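For reference, entry.cif is printed below; it contains mmCIF, C-alpha atoms and all ligand atoms.
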data_input
loop_
_atom_site.label_atom_id
_atom_site.label_comp_id
_atom_site.auth_asym_id
_atom_site.auth_seq_id
_atom_site.Cartn_x
_atom_site.Cartn_y
_atom_site.Cartn_z
CA MET A 1 -24.72 -20.31 -16.11
CA MET A 2 -23.48 -17.90 -13.47
CA ARG A 3 -23.68 -14.24 -14.48
CA VAL A 4 -21.02 -11.98 -13.00
CA LEU A 5 -20.93 -8.18 -13.01
CA LEU A 6 -17.33 -6.94 -13.25
CA VAL A 7 -16.81 -3.38 -12.02
CA GLU A 8 -13.30 -2.06 -12.64
CA ASP A 9 -12.09 1.22 -14.18
CA GLU A 10 -8.65 -0.08 -15.24
CA LYS A 11 -9.59 -1.14 -18.76
CA PRO A 12 -6.79 -3.72 -19.33
CA LEU A 13 -7.61 -5.42 -16.02
CA LEU A 14 -11.35 -5.32 -16.76
CA ARG A 15 -10.74 -6.90 -20.15
CA ALA A 16 -8.40 -9.58 -18.78
CA LEU A 17 -10.85 -10.54 -16.01
CA ALA A 18 -13.75 -10.69 -18.46
CA MET A 19 -11.84 -12.90 -20.91
CA ASN A 20 -10.79 -15.29 -18.15
CA LEU A 21 -14.27 -15.62 -16.72
CA VAL A 22 -15.90 -16.12 -20.13
CA ALA A 23 -13.30 -18.80 -20.93
CA ARG A 24 -14.40 -20.62 -17.75
CA GLY A 25 -18.07 -20.55 -18.65
CA TYR A 26 -19.28 -17.49 -16.80
CA ALA A 27 -21.53 -14.89 -18.41
CA VAL A 28 -20.02 -11.45 -17.82
CA THR A 29 -21.28 -7.88 -17.75
CA GLU A 30 -18.56 -5.21 -17.76
CA ALA A 31 -18.87 -1.82 -16.05
CA ASP A 32 -16.11 0.79 -15.72
CA THR A 33 -17.95 3.19 -13.40
CA GLY A 34 -20.19 2.86 -10.35
CA THR A 35 -23.11 4.40 -12.22
CA ARG A 36 -22.81 1.86 -15.04
CA ALA A 37 -22.63 -0.94 -12.46
CA LEU A 38 -25.87 0.15 -10.78
CA THR A 39 -27.57 0.53 -14.17
CA ALA A 40 -26.46 -2.98 -15.20
CA LEU A 41 -27.85 -4.40 -11.94
CA ALA A 42 -31.17 -2.69 -12.51
CA ASP A 43 -31.31 -4.15 -16.03
CA ALA A 44 -30.52 -7.80 -15.32
CA ARG A 45 -30.17 -10.32 -12.53
CA HIS A 46 -26.56 -11.13 -11.59
CA ASP A 47 -25.29 -14.00 -9.44
CA ALA A 48 -22.17 -12.22 -8.20
CA ILE A 49 -20.45 -8.83 -8.35
CA VAL A 50 -16.68 -8.32 -8.54
CA LEU A 51 -16.15 -4.74 -7.44
CA ASP A 52 -13.09 -2.48 -7.50
CA LEU A 53 -13.27 -0.04 -4.58
CA GLY A 54 -11.52 2.83 -6.38
CA LEU A 55 -13.86 4.01 -9.14
CA PRO A 56 -13.78 7.35 -10.98
CA ASP A 57 -17.35 8.54 -10.33
CA MET A 58 -18.14 7.13 -6.88
CA SER A 59 -16.55 4.98 -4.21
CA GLY A 60 -17.01 1.23 -4.44
CA VAL A 61 -18.18 1.44 -0.84
CA ASP A 62 -21.11 3.59 -2.03
CA VAL A 63 -21.89 0.98 -4.70
CA ILE A 64 -22.11 -1.67 -1.95
CA ARG A 65 -24.38 0.57 0.11
CA ALA A 66 -26.68 1.11 -2.90
CA VAL A 67 -26.78 -2.59 -3.84
CA ARG A 68 -27.50 -3.72 -0.28
CA GLU A 69 -30.58 -1.47 -0.19
CA TYR A 70 -32.36 -4.01 -2.35
CA ALA A 71 -30.22 -7.08 -3.14
CA SER A 72 -28.16 -9.74 -1.39
CA THR A 73 -26.11 -10.58 -4.50
CA PRO A 74 -22.67 -11.79 -3.34
CA ILE A 75 -20.02 -9.05 -3.68
CA ILE A 76 -16.28 -9.72 -3.93
CA VAL A 77 -14.22 -6.59 -3.45
CA LEU A 78 -10.95 -5.86 -5.28
CA SER A 79 -8.83 -3.74 -3.02
CA ALA A 80 -5.38 -2.16 -3.03
CA ARG A 81 -2.88 -3.48 -0.51
CA SER A 82 -2.94 -0.11 1.29
CA GLY A 83 -6.72 -0.04 1.57
CA SER A 84 -7.20 -2.10 4.73
CA ALA A 85 -9.61 0.30 6.47
CA GLU A 86 -11.61 0.55 3.25
CA LYS A 87 -11.75 -3.25 3.04
CA VAL A 88 -13.11 -3.53 6.59
CA GLN A 89 -15.71 -0.88 5.80
CA ALA A 90 -16.72 -2.76 2.63
CA LEU A 91 -17.20 -5.99 4.63
CA ASP A 92 -19.14 -4.14 7.34
CA LEU A 93 -21.50 -2.81 4.67
CA GLY A 94 -22.20 -6.28 3.36
CA ALA A 95 -19.46 -7.27 0.91
CA ASP A 96 -18.93 -11.04 1.12
CA ASP A 97 -15.23 -11.36 0.44
CA TYR A 98 -12.20 -9.60 -0.96
CA VAL A 99 -9.02 -10.18 -2.93
CA THR A 100 -6.04 -7.85 -2.62
CA LYS A 101 -4.40 -6.50 -5.79
CA PRO A 102 -2.34 -7.92 -7.37
CA PHE A 103 -4.23 -11.20 -7.19
CA SER A 104 -4.10 -14.38 -9.25
CA MET A 105 -7.02 -15.44 -11.40
CA ASP A 106 -7.14 -18.73 -9.45
CA GLU A 107 -7.64 -16.82 -6.24
CA LEU A 108 -10.55 -14.83 -7.66
CA LEU A 109 -12.11 -17.97 -9.17
CA ALA A 110 -11.89 -19.76 -5.80
CA ARG A 111 -13.70 -16.85 -4.14
CA LEU A 112 -16.38 -16.86 -6.85
CA ARG A 113 -16.91 -20.60 -6.45
CA ALA A 114 -17.22 -20.13 -2.69
CA THR A 115 -19.98 -17.52 -3.08
CA GLY A 116 -21.77 -19.81 -5.57
CA ARG A 117 -21.64 -22.73 -3.12
CA ARG A 118 -22.99 -20.58 -0.33
CA ALA A 119 -25.98 -19.56 -2.44
CA ALA A 120 -26.66 -23.19 -3.36
CA SER A 121 -26.17 -24.98 -0.07
CA VAL A 122 -27.08 -22.71 2.77
CA ASP A 123 -29.86 -24.86 4.23
CA GLU A 124 -28.60 -28.35 3.53
CA PRO A 125 -27.21 -30.59 6.25
CA LEU A 126 -23.56 -31.12 5.67
CA THR A 127 -20.59 -33.26 6.42
CA ALA A 128 -17.09 -31.86 6.08
CA THR A 129 -13.58 -32.71 7.13
CA VAL A 130 -11.19 -30.59 9.14
CA GLY A 131 -7.83 -32.29 8.73
CA THR A 132 -8.56 -35.94 9.49
CA VAL A 133 -11.68 -35.31 11.59
CA THR A 134 -15.06 -35.86 9.94
CA ILE A 135 -17.68 -33.34 11.01
CA ASP A 136 -21.38 -34.11 10.62
CA LEU A 137 -23.29 -30.88 11.17
CA ALA A 138 -26.73 -32.52 11.09
CA MET A 139 -25.83 -35.20 13.67
CA THR A 140 -23.37 -32.92 15.52
CA THR A 141 -20.72 -35.60 15.62
CA ALA A 142 -16.98 -35.17 15.10
CA THR A 143 -15.16 -38.43 14.42
CA ALA A 144 -11.42 -39.08 14.27
CA PRO A 145 -10.05 -41.63 11.73
CA ASP A 146 -9.81 -44.34 14.43
CA GLY A 147 -13.51 -43.91 15.17
CA THR A 148 -13.18 -42.03 18.46
CA LYS A 149 -15.51 -39.07 18.98
CA VAL A 150 -14.13 -35.58 19.47
CA HIS A 151 -16.18 -33.64 22.00
CA LEU A 152 -17.20 -30.14 20.91
CA THR A 153 -19.12 -27.60 22.98
CA PRO A 154 -22.42 -26.02 21.80
CA THR A 155 -20.61 -22.76 21.00
CA GLU A 156 -17.97 -24.61 18.99
CA TRP A 157 -20.76 -26.29 17.02
CA LYS A 158 -22.37 -22.92 16.29
CA ILE A 159 -19.07 -21.61 14.93
CA LEU A 160 -18.49 -24.70 12.77
CA ASP A 161 -22.06 -24.58 11.50
CA VAL A 162 -21.50 -21.13 10.03
CA LEU A 163 -17.97 -21.68 8.81
CA LEU A 164 -18.15 -25.17 7.28
CA ARG A 165 -21.25 -24.37 5.22
CA ARG A 166 -19.21 -21.82 3.28
CA PRO A 167 -16.00 -23.59 2.24
CA GLY A 168 -13.41 -21.11 1.04
CA ALA A 169 -15.50 -18.06 1.90
CA LEU A 170 -14.56 -15.30 4.30
CA VAL A 171 -16.86 -15.22 7.34
CA THR A 172 -16.55 -11.94 9.19
CA SER A 173 -16.06 -11.80 12.95
CA ASP A 174 -19.38 -9.95 13.18
CA ALA A 175 -21.21 -12.76 11.39
CA LEU A 176 -19.67 -15.37 13.69
CA LEU A 177 -20.39 -13.38 16.85
CA THR A 178 -23.98 -12.91 15.72
CA ALA A 179 -24.32 -16.66 15.12
CA VAL A 180 -22.86 -17.47 18.53
CA ARG A 181 -24.44 -14.79 20.68
CA GLY A 182 -27.38 -13.53 18.64
CA SER A 183 -25.68 -10.16 18.24
CA SER A 184 -22.21 -8.81 17.58
CA GLU A 185 -22.78 -5.81 19.83
CA HIS A 186 -20.89 -5.50 23.09
CA THR A 187 -18.86 -8.57 22.21
CA ASP A 188 -15.10 -8.47 22.12
CA PRO A 189 -13.71 -10.21 18.99
CA SER A 190 -11.00 -11.75 21.22
CA TYR A 191 -13.84 -13.96 22.46
CA LEU A 192 -13.64 -15.66 19.04
CA ARG A 193 -9.86 -16.09 19.26
CA ILE A 194 -10.32 -18.21 22.37
CA TYR A 195 -12.87 -20.44 20.65
CA PHE A 196 -10.75 -20.81 17.54
CA ALA A 197 -7.72 -21.78 19.65
CA GLN A 198 -9.88 -24.51 21.26
CA LEU A 199 -11.25 -25.72 17.93
CA ARG A 200 -7.77 -25.90 16.42
CA ARG A 201 -6.47 -27.91 19.38
CA LYS A 202 -9.27 -30.39 18.86
CA LEU A 203 -9.38 -30.53 15.05
CA GLU A 204 -6.25 -29.25 13.32
CA PRO A 205 -3.40 -31.72 12.64
CA GLU A 206 -0.96 -28.98 13.73
CA PRO A 207 -2.91 -26.56 15.95
CA SER A 208 -0.11 -23.97 16.01
CA ARG A 209 -0.06 -23.91 12.21
CA PRO A 210 -3.75 -24.00 11.24
CA ARG A 211 -4.43 -24.96 7.65
CA HIS A 212 -8.21 -25.44 7.74
CA LEU A 213 -9.59 -22.97 10.28
CA VAL A 214 -7.72 -19.91 9.09
CA THR A 215 -7.65 -16.42 10.58
CA GLU A 216 -7.92 -13.44 8.21
CA PRO A 217 -6.39 -10.75 10.42
CA GLY A 218 -8.74 -7.88 11.14
CA MET A 219 -11.48 -9.44 8.97
CA GLY A 220 -12.66 -12.80 10.20
CA TYR A 221 -12.12 -16.48 9.49
CA ARG A 222 -12.12 -18.87 6.58
CA TYR A 223 -12.61 -22.64 6.33
CA ARG A 224 -10.22 -24.25 3.85
CA PRO A 225 -11.21 -27.87 3.12
CA CA A 301 -9.67 1.57 -9.71
#
Please lay out the structure from this file as structure tokens.
Ligand code: CA
Amino acid sequence: MMRVLLVEDEKPLLRALAMNLVARGYAVTEADTGTRALTALADARHDAIVLDLGLPDMSGVDVIRAVREYASTPIIVLSARSGSAEKVQALDLGADDYVTKPFSMDELLARLRATGRRAASVDEPLTATVGTVTIDLAMTTATAPDGTKVHLTPTEWKILDVLLRRPGALVTSDALLTAVRGSSEHTDPSYLRIYFAQLRRKLEPEPSRPRHLVTEPGMGYRYRP
């Protein structure tokens, strides 16, 4: 059973989230302040944290900083629509994903499943499909439905290797640049835009309207199966 720590100071929202998660088989710990969240984490192992950024006693960003001192537990941030800079900062500090309020329960559940999959499958070889093209990451082959091979460059393979292993999850531009170049320093994120344009031309059914290799503006990219 997956144990989730819910950190949210709006009591009705906290209660609604907890009820929904319990109904779907998750074990839930509730915390309405940052201090209570950190105490709960010290007391018991959790598989994921859902974290509101606006808390009464400390900023959610400070909670992330404190957690990342000692744990890699996946963190999904709940952020206000106006809090874009805050969201970027949260991701930079090691949050794994975000949903913007108001969000649907389905959206949050999809993000939680994506973090669970990442934890379970990070080292396994993998096949996936992008549109109609079958990608085999272990064999590094991309095959169209008629059997013809799609040629991908080594850099394109590095990008797919990171992205396709985490279906549904946000992968930040920094994480992709690090995978491709060994470091995200001194690298212009527009470098990635060029590679994604190439990948979409090769793999997406409609490259101008990508449905599988999706840009999250200002944040990164997401693979939608
Ligand atoms: Ca709040």
Check your understanding: Quick one, how far is atom CA of A:Leu6 from atom CA of A:Ser82?
Key -> 21.6 Å
Review point. With all atoms listed in the file as the atoms that count, which of A:Leu137, A:Leu5, A:Leu13, A:Leu93 lies nearest to ligand CA 301 (chain A)?
Key: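 Nearest candidate to ligand CA 301 (chain A) out of A:Leu137, A:Leu5, A:Leu13, A:Leu93: A:Leu13.
Nearest to A:Asp32 of all the residues A:Ala44, A:Leu51, A:Met1, A:Ala144 is A:Leu51, based on all atoms listed in the file.
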Practice item. Name the residues, by chain letter and number, that sit within 7 Å of ligand CA 301 (chain A) using only C-alpha atoms and all ligand atoms, and give them as a ChimeraX atom specification. Key: /A:8-10,52-55
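The two atoms in question, atom CA of A:Asp146 and atom CA of A:His212, are spaced 20.1 Å apart.
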Point to revise | Proximity to A:Ala142 - best of A:Leu170, A:Ile159, A:Leu192, A:Leu203, only C-alpha atoms | key: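 The shortest atom-to-atom distance to A:Ala142 comes from A:Leu203.
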Point to revise | Nearest to A:Thr33, chosen from A:Trp157, A:Asp62, A:Ala48, A:Asn20, with only C-alpha atoms counted in the distances | key: A:Asp62
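Restricting the calculation to only C-alpha atoms, the smallest distance between A:Tyr191 and any of A:Arg224, A:Val28, A:Glu156, A:Glu206 is found for A:Glu156.
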Review point. What separation in Å, quoted to one decimal, exists between atom CA of A:Val88 and atom CA of A:Val130?
Key: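 Atom CA of A:Val130 lies at a distance of 27.2 Å from atom CA of A:Val88.
Proximity of A:Arg65, A:Arg36, A:Arg111, A:Lys202 to A:Val150, computed with all atoms listed in the file, is greatest for A:Lys202.
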Taking 4 positions as the minimum chain separation for residues in the same chain, which residues sit within 8 Å of stretch 67-74 of chain A when counting only C-alpha atoms? Answer as a PDB file with C-alpha atoms, in the frame of the given file.
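Output saved as result.pdb:
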ATOM      1  CA  LEU A  38     -25.870   0.150 -10.780  1.00  0.00           C
ATOM      2  CA  HIS A  46     -26.560 -11.130 -11.590  1.00  0.00           C
ATOM      3  CA  ASP A  47     -25.290 -14.000  -9.440  1.00  0.00           C
ATOM      4  CA  ALA A  48     -22.170 -12.220  -8.200  1.00  0.00           C
ATOM      5  CA  ILE A  49     -20.450  -8.830  -8.350  1.00  0.00           C
ATOM      6  CA  VAL A  63     -21.890   0.980  -4.700  1.00  0.00           C
ATOM      7  CA  LEU A  93     -21.500  -2.810   4.670  1.00  0.00           C
ATOM      8  CA  GLY A  94     -22.200  -6.280   3.360  1.00  0.00           C
ATOM      9  CA  ALA A  95     -19.460  -7.270   0.910  1.00  0.00           C
ATOM     10  CA  ASP A  96     -18.930 -11.040   1.120  1.00  0.00           C
ATOM     11  CA  THR A 115     -19.980 -17.520  -3.080  1.00  0.00           C
TER      12      THR A 115
END
Stretch 196-200 of chain A, all listed atoms, 8 Å padding on each side: what axis-aligned box centre and edge lengths in Å to one decimal come out, as lines of an AutoDock Vina configuration file?
center_x = -9.5
center_y = -23.4
center_z = 18.8
size_x = 19.5
size_y = 21.1
size_z = 20.8
